[in-house]
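Shown below: run.tsv, with TSV, C-alpha atoms.
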```tsv
chain	number	residue	atom	x	y	z
A	1	MET	CA	0.00	0.00	0.00
A	2	ASN	CA	1.35	3.55	-0.90
A	3	ASP	CA	0.58	6.97	0.59
A	4	ILE	CA	0.17	9.71	-2.03
A	5	ASN	CA	-0.20	13.45	-1.43
A	6	VAL	CA	-3.07	14.80	-3.50
A	7	PRO	CA	-3.86	18.58	-3.75
A	8	ILE	CA	-7.37	19.40	-2.62
A	9	ALA	CA	-9.73	20.99	-5.10
A	10	PRO	CA	-10.10	24.87	-5.02
A	11	ASN	CA	-13.76	24.76	-4.04
A	12	SER	CA	-12.99	22.73	-0.97
A	13	PRO	CA	-13.19	24.43	2.47
A	14	ASP	CA	-9.38	24.46	2.72
A	15	PRO	CA	-7.88	25.18	-0.69
A	16	GLY	CA	-4.10	24.80	-1.18
A	17	SER	CA	-3.74	22.07	1.36
A	18	THR	CA	-2.98	18.53	0.46
A	19	ALA	CA	-4.45	15.36	1.73
A	20	THR	CA	-2.89	12.06	2.11
A	21	VAL	CA	-4.76	9.39	0.22
A	22	THR	CA	-4.03	5.85	0.66
A	23	ALA	CA	-4.13	4.16	-2.72
A	24	ASP	CA	-4.30	0.46	-3.07
A	25	ILE	CA	-1.90	0.18	-6.01
A	26	ALA	CA	-0.08	-2.98	-6.79
A	27	SER	CA	3.62	-2.52	-6.63
A	28	ASP	CA	4.34	-5.01	-9.49
A	29	PRO	CA	4.97	-3.43	-12.94
A	30	VAL	CA	2.18	-4.20	-15.49
A	31	THR	CA	3.26	-5.59	-18.85
A	32	PRO	CA	1.52	-3.74	-21.72
A	33	THR	CA	-0.48	-6.02	-24.04
A	34	ALA	CA	-0.82	-5.63	-27.86
A	35	PRO	CA	-4.12	-4.02	-28.96
A	36	ALA	CA	-6.66	-6.65	-30.24
A	37	ALA	CA	-7.25	-6.65	-33.99
A	38	PRO	CA	-10.82	-5.71	-35.03
A	39	GLN	CA	-13.13	-8.79	-35.65
A	40	GLY	CA	-14.37	-7.85	-39.24
A	41	LYS	CA	-10.98	-7.31	-40.80
A	42	ARG	CA	-9.47	-10.71	-40.10
A	43	ARG	CA	-7.28	-11.75	-43.07
A	44	LEU	CA	-7.79	-15.15	-44.76
A	45	PRO	CA	-4.84	-17.42	-44.99
A	46	ASN	CA	-2.86	-17.10	-48.18
A	47	HIS	CA	-3.34	-20.65	-49.39
A	48	ILE	CA	-7.17	-20.28	-49.32
A	49	LEU	CA	-6.91	-17.08	-51.37
A	50	VAL	CA	-4.74	-18.87	-53.94
A	51	VAL	CA	-7.19	-21.76	-54.26
A	52	ALA	CA	-10.16	-19.38	-54.61
A	53	GLY	CA	-8.31	-17.44	-57.29
A	54	ILE	CA	-7.57	-20.58	-59.27
A	55	PHE	CA	-11.19	-21.64	-58.93
A	56	LEU	CA	-12.47	-18.27	-60.20
A	57	MET	CA	-10.03	-18.38	-63.13
A	58	ALA	CA	-11.27	-21.86	-64.06
A	59	ILE	CA	-14.89	-20.70	-64.04
A	60	LEU	CA	-13.99	-17.65	-66.12
A	61	ILE	CA	-12.12	-19.74	-68.72
A	62	THR	CA	-14.99	-22.28	-68.92
A	63	ALA	CA	-17.50	-19.47	-69.39
A	64	VAL	CA	-15.47	-17.91	-72.19
A	65	PHE	CA	-15.20	-21.24	-74.01
A	66	TYR	CA	-18.90	-21.89	-73.55
A	67	VAL	CA	-19.91	-18.50	-74.96
A	68	ARG	CA	-17.55	-18.98	-77.93
A	69	SER	CA	-18.99	-22.41	-78.64
A	70	LEU	CA	-22.48	-20.92	-78.68
A	71	GLN	CA	-21.44	-18.25	-81.18
A	72	GLN	CA	-19.84	-20.74	-83.56
A	73	THR	CA	-22.00	-21.82	-86.54
A	74	PRO	CA	-22.82	-25.54	-86.64
A	75	ILE	CA	-20.79	-27.58	-88.98
A	76	ALA	CA	-22.80	-28.29	-92.09
A	77	VAL	CA	-23.36	-32.00	-92.62
A	78	THR	CA	-22.68	-32.95	-96.15
A	79	PRO	CA	-25.44	-35.28	-97.31
A	80	THR	CA	-24.18	-38.59	-98.50
A	81	PRO	CA	-25.89	-39.57	-101.72
A	82	ILE	CA	-27.72	-42.87	-101.43
A	83	GLU	CA	-27.72	-45.16	-104.37
A	84	ALA	CA	-31.33	-45.59	-105.57
A	85	PRO	CA	-32.95	-46.48	-108.85
A	86	PRO	CA	-34.52	-43.50	-110.65
A	87	PRO	CA	-38.29	-43.21	-110.01
A	88	THR	CA	-40.68	-44.33	-112.68
A	89	PRO	CA	-42.09	-41.30	-114.47
A	90	THR	CA	-45.81	-40.71	-114.04
A	91	PRO	CA	-47.51	-42.17	-117.09
A	92	ILE	CA	-49.07	-39.57	-119.28
A	93	ARG	CA	-52.79	-40.31	-119.37
A	94	THR	CA	-54.47	-39.34	-122.55
A	95	PRO	CA	-58.04	-38.17	-122.13
A	96	SER	CA	-60.52	-40.37	-123.91
A	97	ARG	CA	-62.71	-39.32	-126.78
A	98	LEU	CA	-65.65	-39.17	-124.38
A	99	ALA	CA	-63.91	-36.83	-121.90
A	100	SER	CA	-64.83	-33.72	-123.82
A	101	THR	CA	-68.46	-34.65	-124.49
A	102	SER	CA	-71.27	-32.87	-122.71
A	103	ALA	CA	-72.67	-36.22	-121.55
A	104	PHE	CA	-69.46	-37.03	-119.71
A	105	MET	CA	-69.23	-33.55	-118.21
A	106	SER	CA	-72.77	-33.75	-116.94
A	107	PHE	CA	-72.00	-37.21	-115.49
A	108	GLN	CA	-68.90	-35.77	-113.81
A	109	SER	CA	-70.86	-32.95	-112.21
A	110	ALA	CA	-73.62	-35.38	-111.15
A	111	VAL	CA	-71.07	-37.59	-109.38
A	112	SER	CA	-69.40	-34.72	-107.56
A	113	SER	CA	-72.75	-33.20	-106.58
A	114	LEU	CA	-73.93	-36.58	-105.24
A	115	SER	CA	-70.75	-37.11	-103.21
A	116	ALA	CA	-70.89	-33.59	-101.77
A	117	GLY	CA	-74.60	-33.91	-100.90
A	118	LEU	CA	-74.09	-37.22	-99.14
A	119	GLN	CA	-71.29	-35.75	-97.05
A	120	ILE	CA	-73.61	-32.98	-95.86
A	121	LEU	CA	-76.59	-35.25	-95.18
A	122	ASN	CA	-76.90	-35.55	-91.41
A	123	ILE	CA	-79.28	-38.29	-90.28
A	124	ASN	CA	-78.65	-37.55	-86.60
A	125	ASP	CA	-79.39	-33.85	-86.87
A	126	PRO	CA	-79.54	-32.48	-83.29
A	127	SER	CA	-82.53	-30.32	-84.19
A	128	PHE	CA	-84.48	-33.54	-84.71
A	129	THR	CA	-84.91	-34.06	-80.99
A	130	PRO	CA	-88.57	-33.59	-80.09
A	131	PRO	CA	-89.27	-31.58	-76.94
A	132	ILE	CA	-89.99	-33.56	-73.80
A	133	LEU	CA	-92.64	-31.64	-71.92
A	134	ASN	CA	-93.65	-31.93	-68.30
A	135	THR	CA	-96.85	-33.93	-67.99
A	136	ASP	CA	-96.95	-34.21	-64.20
A	137	LEU	CA	-97.68	-30.78	-62.79
A	138	GLY	CA	-98.64	-32.13	-59.38
A	139	LEU	CA	-102.24	-30.92	-59.68
A	140	SER	CA	-104.89	-33.24	-58.30
A	141	PRO	CA	-108.09	-33.12	-60.40
B	1	MET	CA	-106.18	9.96	-112.56
B	2	ARG	CA	-106.95	7.57	-115.43
B	3	ARG	CA	-103.74	8.60	-117.10
B	4	PHE	CA	-101.72	7.10	-114.25
B	5	LEU	CA	-103.62	3.83	-114.18
B	6	PRO	CA	-101.31	1.94	-116.61
B	7	LEU	CA	-98.34	3.22	-114.66
B	8	VAL	CA	-99.80	1.95	-111.38
B	9	ILE	CA	-100.58	-1.44	-112.96
B	10	LEU	CA	-97.02	-1.68	-114.28
B	11	LEU	CA	-95.64	-0.76	-110.88
B	12	VAL	CA	-97.71	-3.38	-109.08
B	13	ALA	CA	-96.78	-6.03	-111.67
B	14	GLY	CA	-93.13	-5.10	-111.36
B	15	ILE	CA	-93.20	-5.39	-107.58
B	16	SER	CA	-94.97	-8.75	-107.74
B	17	LEU	CA	-92.48	-10.08	-110.30
B	18	TRP	CA	-89.50	-8.83	-108.35
B	19	ARG	CA	-89.34	-11.85	-106.10
B	20	THR	CA	-86.70	-12.24	-103.50
B	21	PRO	CA	-84.91	-15.61	-103.62
B	22	VAL	CA	-86.55	-18.30	-101.52
B	23	GLN	CA	-84.61	-18.79	-98.32
B	24	ALA	CA	-84.69	-21.76	-96.01
B	25	SER	CA	-87.00	-20.81	-93.18
B	26	SER	CA	-86.44	-23.90	-91.05
B	27	PRO	CA	-83.51	-22.30	-89.15
B	28	GLN	CA	-85.79	-19.39	-88.23
B	29	ALA	CA	-88.54	-21.82	-87.19
B	30	TYR	CA	-86.05	-23.74	-85.05
B	31	GLN	CA	-84.92	-20.51	-83.42
B	32	ASP	CA	-88.56	-19.68	-82.62
B	33	PHE	CA	-89.01	-23.12	-81.10
B	34	ASN	CA	-85.94	-22.69	-78.90
B	35	TYR	CA	-87.19	-19.33	-77.72
B	36	GLN	CA	-90.60	-20.77	-76.84
B	37	PHE	CA	-88.96	-23.67	-75.05
B	38	ASP	CA	-86.96	-21.24	-72.90
B	39	GLN	CA	-90.16	-19.38	-72.07
B	40	TYR	CA	-91.81	-22.67	-71.15
B	41	ARG	CA	-89.00	-23.59	-68.73
B	42	GLN	CA	-89.31	-20.17	-67.08
B	43	LYS	CA	-93.10	-20.50	-66.74
B	44	LEU	CA	-92.79	-24.01	-65.36
B	45	SER	CA	-90.36	-22.77	-62.73
B	46	ASP	CA	-92.67	-19.82	-61.86
B	47	PHE	CA	-95.65	-22.13	-61.48
B	48	GLN	CA	-93.76	-24.59	-59.30
B	49	ALA	CA	-92.69	-21.77	-56.98
B	50	ALA	CA	-96.22	-20.32	-56.82
B	51	TYR	CA	-97.84	-23.73	-56.26
B	52	THR	CA	-95.40	-24.57	-53.44
B	53	GLN	CA	-96.24	-21.27	-51.79
B	54	TYR	CA	-99.95	-21.95	-52.13
B	55	LYS	CA	-99.54	-25.41	-50.57
B	56	GLN	CA	-97.55	-23.86	-47.75
B	57	PHE	CA	-99.75	-20.89	-46.86
B	58	ASN	CA	-103.08	-21.91	-48.40
B	59	SER	CA	-104.00	-18.25	-48.76
B	60	LEU	CA	-106.35	-16.81	-51.38
B	61	THR	CA	-103.62	-14.60	-52.79
B	62	ALA	CA	-101.27	-17.56	-53.19
B	63	GLN	CA	-104.08	-19.58	-54.79
B	64	GLN	CA	-104.80	-16.83	-57.31
B	65	ASP	CA	-101.11	-16.52	-58.10
B	66	ALA	CA	-100.81	-20.29	-58.65
B	67	LEU	CA	-103.90	-20.19	-60.87
B	68	ASP	CA	-102.48	-17.38	-63.02
B	69	LYS	CA	-99.18	-19.19	-63.32
B	70	VAL	CA	-100.73	-22.54	-64.28
B	71	LYS	CA	-102.85	-20.89	-66.99
B	72	ALA	CA	-99.74	-19.31	-68.47
B	73	LEU	CA	-97.85	-22.57	-68.20
B	74	LEU	CA	-100.49	-24.71	-69.93
B	75	ALA	CA	-100.75	-22.22	-72.80
B	76	GLN	CA	-96.97	-22.11	-73.13
B	77	ARG	CA	-96.68	-25.90	-73.12
B	78	ASN	CA	-99.03	-26.01	-76.09
B	79	MET	CA	-97.07	-23.25	-77.77
B	80	VAL	CA	-93.77	-25.18	-77.50
B	81	ALA	CA	-95.36	-28.32	-78.93
B	82	LYS	CA	-96.89	-26.29	-81.74
B	83	THR	CA	-93.67	-24.44	-82.69
B	84	TYR	CA	-91.85	-27.76	-82.99
B	85	PHE	CA	-94.55	-28.95	-85.40
B	86	LEU	CA	-94.15	-25.72	-87.36
B	87	PHE	CA	-90.41	-26.33	-87.55
B	88	LEU	CA	-91.02	-29.86	-88.89
B	89	ASN	CA	-93.49	-28.43	-91.38
B	90	GLU	CA	-90.79	-26.09	-92.69
B	91	LYS	CA	-88.44	-29.03	-92.97
B	92	LEU	CA	-91.06	-30.87	-95.01
B	93	ASN	CA	-91.40	-27.86	-97.31
B	94	GLU	CA	-87.66	-27.80	-97.93
B	95	ASN	CA	-87.40	-31.53	-98.53
B	96	PRO	CA	-86.58	-32.30	-102.15
B	97	GLY	CA	-87.19	-36.06	-102.03
B	98	LEU	CA	-90.70	-36.47	-100.66
B	99	GLY	CA	-93.54	-37.01	-103.04
B	100	SER	CA	-96.64	-34.85	-102.73
B	101	ALA	CA	-98.66	-37.78	-101.35
B	102	ASP	CA	-96.10	-38.46	-98.61
B	103	THR	CA	-95.83	-34.78	-97.74
B	104	ALA	CA	-99.61	-34.50	-97.59
B	105	GLY	CA	-99.76	-37.42	-95.15
B	106	TYR	CA	-97.25	-35.87	-92.76
B	107	ARG	CA	-98.85	-32.46	-93.12
B	108	THR	CA	-102.27	-33.84	-92.22
B	109	ALA	CA	-100.84	-35.36	-89.04
B	110	ILE	CA	-99.20	-32.02	-88.17
B	111	THR	CA	-102.39	-30.06	-88.84
B	112	ASN	CA	-104.41	-32.41	-86.64
B	113	GLN	CA	-101.95	-32.14	-83.80
B	114	ILE	CA	-101.79	-28.35	-84.05
B	115	GLY	CA	-105.60	-28.28	-83.99
B	116	LEU	CA	-105.66	-30.27	-80.75
B	117	LEU	CA	-103.02	-28.04	-79.20
B	118	ASP	CA	-104.92	-24.88	-80.14
B	119	GLN	CA	-108.09	-26.35	-78.67
B	120	ASN	CA	-106.23	-27.09	-75.45
B	121	THR	CA	-104.89	-23.53	-75.38
B	122	VAL	CA	-108.44	-22.14	-75.69
B	123	GLN	CA	-109.53	-24.39	-72.82
B	124	SER	CA	-106.63	-23.21	-70.68
B	125	GLN	CA	-107.89	-19.61	-70.97
B	126	THR	CA	-111.20	-20.60	-69.34
B	127	ILE	CA	-109.61	-22.16	-66.27
B	128	GLY	CA	-111.23	-20.87	-63.08
B	129	THR	CA	-109.86	-23.22	-60.48
B	130	LEU	CA	-106.84	-25.45	-60.00
B	131	ALA	CA	-109.13	-28.44	-60.55
B	132	ASP	CA	-110.02	-27.00	-63.98
B	133	ALA	CA	-106.31	-26.71	-64.72
B	134	ALA	CA	-105.85	-30.38	-63.83
B	135	THR	CA	-108.65	-31.33	-66.24
B	136	VAL	CA	-107.17	-29.28	-69.10
B	137	SER	CA	-103.73	-30.72	-68.42
B	138	THR	CA	-105.17	-34.26	-68.49
B	139	ALA	CA	-106.57	-33.60	-71.99
B	140	PHE	CA	-103.06	-32.68	-73.10
B	141	ILE	CA	-101.51	-35.73	-71.44
B	142	LYS	CA	-104.03	-38.07	-73.10
B	143	ASN	CA	-102.74	-36.96	-76.51
B	144	TYR	CA	-99.08	-36.70	-75.47
B	145	ASN	CA	-97.87	-40.07	-76.80
B	146	ALA	CA	-99.70	-39.61	-80.10
B	147	MET	CA	-98.15	-36.17	-80.42
B	148	GLN	CA	-94.65	-37.52	-79.74
B	149	ALA	CA	-95.23	-40.31	-82.30
B	150	ALA	CA	-96.26	-37.69	-84.88
B	151	TYR	CA	-92.98	-35.87	-84.23
B	152	ARG	CA	-90.88	-38.98	-84.65
B	153	GLN	CA	-92.74	-40.26	-87.70
B	154	THR	CA	-92.33	-36.88	-89.40
B	155	ILE	CA	-88.61	-36.80	-88.55
B	156	VAL	CA	-88.15	-40.25	-90.09
B	157	GLY	CA	-90.20	-39.14	-93.09
B	158	ILE	CA	-87.98	-36.08	-93.62
B	159	ASN	CA	-84.79	-38.17	-93.47
B	160	LEU	CA	-86.35	-40.77	-95.72
B	161	GLY	CA	-87.13	-38.01	-98.21
B	162	TYR	CA	-83.49	-36.95	-98.28
B	163	LEU	CA	-82.32	-40.55	-98.71
B	164	GLN	CA	-84.76	-41.09	-101.57
B	165	TYR	CA	-83.62	-37.85	-103.17
B	166	PHE	CA	-79.98	-38.93	-103.12
B	167	GLY	CA	-81.03	-42.44	-104.14
B	168	SER	CA	-82.67	-41.09	-107.28
B	169	LYS	CA	-79.60	-38.95	-108.02
B	170	PHE	CA	-77.46	-42.06	-107.62
B	171	ASP	CA	-79.70	-44.02	-110.01
B	172	ALA	CA	-79.55	-41.23	-112.58
B	173	ALA	CA	-75.74	-41.09	-112.37
B	174	ALA	CA	-75.51	-44.88	-112.67
B	175	ALA	CA	-77.74	-44.78	-115.75
B	176	SER	CA	-75.50	-42.09	-117.29
B	177	ALA	CA	-72.46	-44.22	-116.53
B	178	GLN	CA	-74.09	-47.18	-118.27
B	179	THR	CA	-74.74	-45.08	-121.38
B	180	LEU	CA	-71.17	-43.74	-121.41
B	181	ILE	CA	-69.73	-47.26	-121.01
B	182	ALA	CA	-71.81	-48.42	-123.95
B	183	ALA	CA	-70.54	-45.47	-125.99
B	184	SER	CA	-66.93	-46.20	-125.10
B	185	ARG	CA	-67.02	-49.90	-126.00
B	186	GLY	CA	-65.34	-49.38	-129.37
B	187	ASP	CA	-62.48	-47.32	-127.91
B	188	SER	CA	-61.40	-49.25	-124.84
B	189	SER	CA	-59.54	-52.52	-124.44
B	190	PRO	CA	-61.42	-55.70	-123.41
B	191	GLU	CA	-59.68	-55.58	-119.99
B	192	LYS	CA	-60.87	-52.06	-119.38
B	193	GLN	CA	-64.35	-53.00	-120.52
B	194	ALA	CA	-64.35	-55.89	-118.07
B	195	THR	CA	-63.23	-53.58	-115.23
B	196	MET	CA	-65.97	-51.10	-116.01
B	197	ASP	CA	-68.55	-53.88	-116.16
B	198	ARG	CA	-67.45	-55.01	-112.69
B	199	TRP	CA	-67.93	-51.46	-111.38
B	200	MET	CA	-71.41	-51.45	-112.88
B	201	LEU	CA	-72.18	-54.72	-111.14
B	202	ASN	CA	-71.03	-53.23	-107.85
B	203	LEU	CA	-73.20	-50.20	-108.46
B	204	SER	CA	-76.18	-52.44	-109.04
B	205	ASN	CA	-75.46	-54.29	-105.79
B	206	GLN	CA	-75.23	-51.01	-103.87
B	207	HIS	CA	-78.56	-49.95	-105.35
B	208	SER	CA	-80.17	-53.22	-104.18
B	209	LEU	CA	-78.76	-52.87	-100.69
B	210	PHE	CA	-79.96	-49.28	-100.47
B	211	THR	CA	-83.47	-50.11	-101.73
B	212	GLU	CA	-83.73	-52.98	-99.23
B	213	LYS	CA	-83.02	-50.57	-96.38
B	214	ILE	CA	-85.48	-47.99	-97.65
B	215	VAL	CA	-88.20	-50.64	-97.68
B	216	LEU	CA	-87.28	-51.62	-94.12
B	217	ILE	CA	-87.56	-48.02	-92.97
B	218	GLN	CA	-90.91	-47.53	-94.69
B	219	LYS	CA	-92.24	-50.64	-92.99
B	220	ALA	CA	-90.95	-49.59	-89.55
B	221	LEU	CA	-92.28	-46.03	-89.80
B	222	PRO	CA	-95.91	-46.64	-88.72
B	223	GLY	CA	-94.65	-48.84	-85.88
B	224	ILE	CA	-93.43	-45.81	-83.95
B	225	LYS	CA	-95.89	-45.78	-81.08
B	226	GLY	CA	-96.20	-46.50	-77.38
B	227	ASP	CA	-94.68	-44.33	-74.67
B	228	VAL	CA	-91.85	-41.92	-75.34
B	229	GLN	CA	-89.10	-44.33	-74.23
B	230	GLU	CA	-90.44	-47.04	-76.53
B	231	GLN	CA	-90.71	-44.56	-79.38
B	232	ASP	CA	-87.12	-43.47	-78.84
B	233	ARG	CA	-85.95	-47.09	-79.01
B	234	GLN	CA	-87.79	-47.60	-82.29
B	235	LEU	CA	-86.45	-44.33	-83.66
B	236	ALA	CA	-82.87	-45.32	-82.76
B	237	THR	CA	-83.28	-48.60	-84.68
B	238	ILE	CA	-84.65	-46.82	-87.72
B	239	GLN	CA	-81.87	-44.23	-87.56
B	240	LYS	CA	-79.29	-47.04	-87.64
B	241	THR	CA	-80.89	-48.39	-90.81
B	242	MET	CA	-80.94	-44.90	-92.30
B	243	LEU	CA	-77.23	-44.46	-91.55
B	244	ALA	CA	-76.52	-47.78	-93.22
B	245	ALA	CA	-78.54	-46.71	-96.27
B	246	ARG	CA	-76.53	-43.48	-96.45
B	247	GLN	CA	-73.34	-45.51	-96.23
B	248	ASP	CA	-74.51	-47.66	-99.18
B	249	LEU	CA	-74.96	-44.51	-101.22
B	250	ILE	CA	-71.56	-43.15	-100.18
B	251	GLU	CA	-69.89	-46.38	-101.31
B	252	GLY	CA	-71.91	-46.30	-104.51
B	253	ALA	CA	-70.77	-42.71	-105.14
B	254	SER	CA	-67.14	-43.80	-104.72
B	255	TYR	CA	-67.69	-46.55	-107.34
B	256	LEU	CA	-69.14	-43.92	-109.65
B	257	GLY	CA	-65.97	-41.89	-109.07
B	258	GLU	CA	-63.86	-44.88	-110.15
B	259	LEU	CA	-65.98	-45.28	-113.27
B	260	GLN	CA	-65.68	-41.60	-114.02
B	261	ASP	CA	-61.88	-41.93	-113.84
B	262	ALA	CA	-61.93	-44.97	-116.11
B	263	LEU	CA	-64.10	-43.20	-118.66
B	264	HIS	CA	-62.06	-39.99	-118.53
B	265	TYR	CA	-58.82	-41.52	-119.80
B	266	GLU	CA	-58.00	-43.98	-122.53
```
Turn this file's structure into structure tokens for me.
Amino acid sequence: MNDINVPIAPNSPDPGSTATVTADIASDPVTPTAPAAPQGKRRLPNHILVVAGIFLMAILITAVFYVRSLQQTPIAVTPTPIEAPPPTPTPIRTPSRLASTSAFMSFQSAVSSLSAGLQILNINDPSFTPPILNTDLGLSP
Amino acid sequence: MRRFLPLVILLVAGISLWRTPVQASSPQAYQDFNYQFDQYRQKLSDFQAAYTQYKQFNSLTAQQDALDKVKALLAQRNMVAKTYFLFLNEKLNENPGLGSADTAGYRTAITNQIGLLDQNTVQSQTIGTLADAATVSTAFIKNYNAMQAAYRQTIVGINLGYLQYFGSKFDAAAASAQTLIAASRGDSSPEKQATMDRWMLNLSNQHSLFTEKIVLIQKALPGIKGDVQEQDRQLATIQKTMLAARQDLIEGASYLGELQDALHYE
């Protein structure tokens, strides 16, 4: 324990005098410690940074190659000719003597009109459904 | 005034000669029927609500309301039945294949049915009590199956008319083909002649099959009677036969097409 003389404050009843204060100060010298580094600014180890860099470079290179491959035009496939016999030409059909007669033309139009009419003919026409009317009105005679 | 008389006569004659083309009126008649049917459904619903209220409260006001609603309903029911007959009548008018005797037969049935419906409508206007309404409704119900049979028989008749119309067109085309084949005998090879003769034979077979079915339909037509379910069963059977007859004609038309091709080229 050490006794220290401390001047008394001017607004005290006896200014200029000193008082003896007994301070409980440890006599051993205190070793100064290094200030703690801030939490957010901790540096990553160098080997992790190197690995991350290599990884980013790899991604970048892959992306560049991918984009270039997309921009390249597809290689045109050259068709390989297949050996085949030449097709038989369509035989030229000569119209008959009758083809230009009015009788044949009228027959032709009769056939096409018949075919068209039969396609339109609807036996199950939905309008041919007679109305079903209510016969039981619940009235007692 | 006398000076203008020839002018007036010419004007009237001109107007009467200036005829608008005849248009199919069956779509309009069908539209009218659908409208009347919608009205009928609404009136039926109104009556059912009014009658339930009358049964619940048994008050004079509710009774009068139910009476008004039933009168409107009975008249509307007759109207729906009548507009469907009018639609069928239009269809008969447009039908190209029915003979005048057949058309007259169907038209007589329609006229009779419309007469009964009109009579029932007149009776429905004289209804004074709910018991009267029941009596008028019973008169309608008594004729209901006959009315439904008239509908179905007319429908079959209309379809039969169309089939006969196409049947006669088919016969005419086959006859033309026969004439053309005879005319081409000198020009075509024996093989081609034989092919065309086979087509003609097939055409003749199709004609026989078709005629057989038409006879079947004609025989089944008066048999449409009984209750509505029974009538629908009979109608479905007849419709199957009619579809088969149409198919015979379609096949026959395709044979005619083959013949046409054979005759067209050497």
**Message:** Can you pull out the residues contacting Phe210 in chain B? Cut-off 9 Å, using all atoms listed in the file, and skip same-chain residues under 6 positions away; I want them as a ChimeraX atom specification.
**Reply:** /B:167,244-249
**Request:** Give me, as JSON, numbers by chain, the contact residues of chain B against chain A at a cut-off of 7 Å, counting only C-alpha atoms.
**Result:** {"B": [131, 134, 135, 141, 151, 155, 159, 166, 169, 170, 173, 176, 243, 250, 253, 256, 257, 260, 263, 264, 265, 266]}
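Between CA of Thr121 in chain B and CA of Asp68 in chain B the interatomic distance comes to 14.0 Å.
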**Request:** Please indicate the distance in Å from CA of Arg198 in chain B to CA of Ala182 in chain B, rounded to one decimal place.
**Result:**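 Separating CA of Arg198 in chain B from CA of Ala182 in chain B is a distance of 13.8 Å.
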Please provide the set of residues having any atom within 8 Å of range 220-225 of chain B, restricted to all atoms listed in the file, with same-chain residues fewer than 4 positions apart removed, written as a short mmCIF file (atom, residue, chain, number, x, y, z; two decimals) with C-alpha atoms, in the frame of the given file.
```cif
data_model
loop_
_atom_site.label_atom_id
_atom_site.label_comp_id
_atom_site.auth_asym_id
_atom_site.auth_seq_id
_atom_site.Cartn_x
_atom_site.Cartn_y
_atom_site.Cartn_z
CA ASN B 145 -97.87 -40.07 -76.80
CA ALA B 146 -99.70 -39.61 -80.10
CA ALA B 149 -95.23 -40.31 -82.30
CA ARG B 152 -90.88 -38.98 -84.65
CA GLN B 153 -92.74 -40.26 -87.70
CA VAL B 156 -88.15 -40.25 -90.09
CA GLY B 157 -90.20 -39.14 -93.09
CA LEU B 216 -87.28 -51.62 -94.12
CA GLU B 230 -90.44 -47.04 -76.53
CA GLN B 231 -90.71 -44.56 -79.38
CA GLN B 234 -87.79 -47.60 -82.29
CA LEU B 235 -86.45 -44.33 -83.66
CA ILE B 238 -84.65 -46.82 -87.72
#
```
**Request:** Would you mind listing what lies within 12 Å of Asp38 in chain B as a list of chain:residue names, with only C-alpha atoms counted and same-chain residues fewer than 4 positions away left out?
**Result:**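 In the requested form, the answer reads A:Pro131, A:Leu133, B:Gln31, B:Asp32, B:Phe33, B:Asn34, B:Gln42, B:Lys43, B:Leu44, B:Ser45, B:Leu73, B:Gln76, B:Arg77, B:Met79, B:Val80.
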Since we have the selection now, will you write its residues out, keeping C-alpha atoms, as a compact mmCIF listing (two decimals), in the frame of the given file?
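What ended up in again.txt:
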```txt
# COMPACT_ATOMS: atom_id res chain seq x y z
CA PRO A 131 -89.27 -31.58 -76.94
CA LEU A 133 -92.64 -31.64 -71.92
CA GLN B 31 -84.92 -20.51 -83.42
CA ASP B 32 -88.56 -19.68 -82.62
CA PHE B 33 -89.01 -23.12 -81.10
CA ASN B 34 -85.94 -22.69 -78.90
CA GLN B 42 -89.31 -20.17 -67.08
CA LYS B 43 -93.10 -20.50 -66.74
CA LEU B 44 -92.79 -24.01 -65.36
CA SER B 45 -90.36 -22.77 -62.73
CA LEU B 73 -97.85 -22.57 -68.20
CA GLN B 76 -96.97 -22.11 -73.13
CA ARG B 77 -96.68 -25.90 -73.12
CA MET B 79 -97.07 -23.25 -77.77
CA VAL B 80 -93.77 -25.18 -77.50
```
**Message:** For Asn95 in chain B, find every residue with an atom within 9 Å (counting all atoms listed in the file), except residues of its own chain fewer than 4 positions away, and show them as a ChimeraX atom specification.
**Reply:** /B:90-91,158-159,161-162,165
Selection file, C-alpha atoms, as a PDB file, in the coordinates of the input:
```pdb
ATOM      1  CA  GLU B  90     -90.790 -26.090 -92.690  1.00  0.00           C
ATOM      2  CA  LYS B  91     -88.440 -29.030 -92.970  1.00  0.00           C
ATOM      3  CA  ILE B 158     -87.980 -36.080 -93.620  1.00  0.00           C
ATOM      4  CA  ASN B 159     -84.790 -38.170 -93.470  1.00  0.00           C
ATOM      5  CA  GLY B 161     -87.130 -38.010 -98.210  1.00  0.00           C
ATOM      6  CA  TYR B 162     -83.490 -36.950 -98.280  1.00  0.00           C
ATOM      7  CA  TYR B 165     -83.620 -37.850-103.170  1.00  0.00           C
TER       8      TYR B 165
END
```
**Asked** Quick one: distance from CA of Leu92 in chain B to CA of Tyr30 in chain B in Å, one decimal?
**Response**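 Going from CA of Leu92 in chain B over to CA of Tyr30 in chain B, I get 13.2 Å.
With only C-alpha atoms as the atoms that count, the minimum distance from Ala109 in chain B to the choices B:Ser254, B:Asn93, B:Thr154, B:Thr129 is reached by B:Thr154.
With distances restricted to all atoms listed in the file, B:Lys82 is the closest residue to Gly115 in chain B from B:His207, B:Lys82, B:Arg233, B:Lys55.
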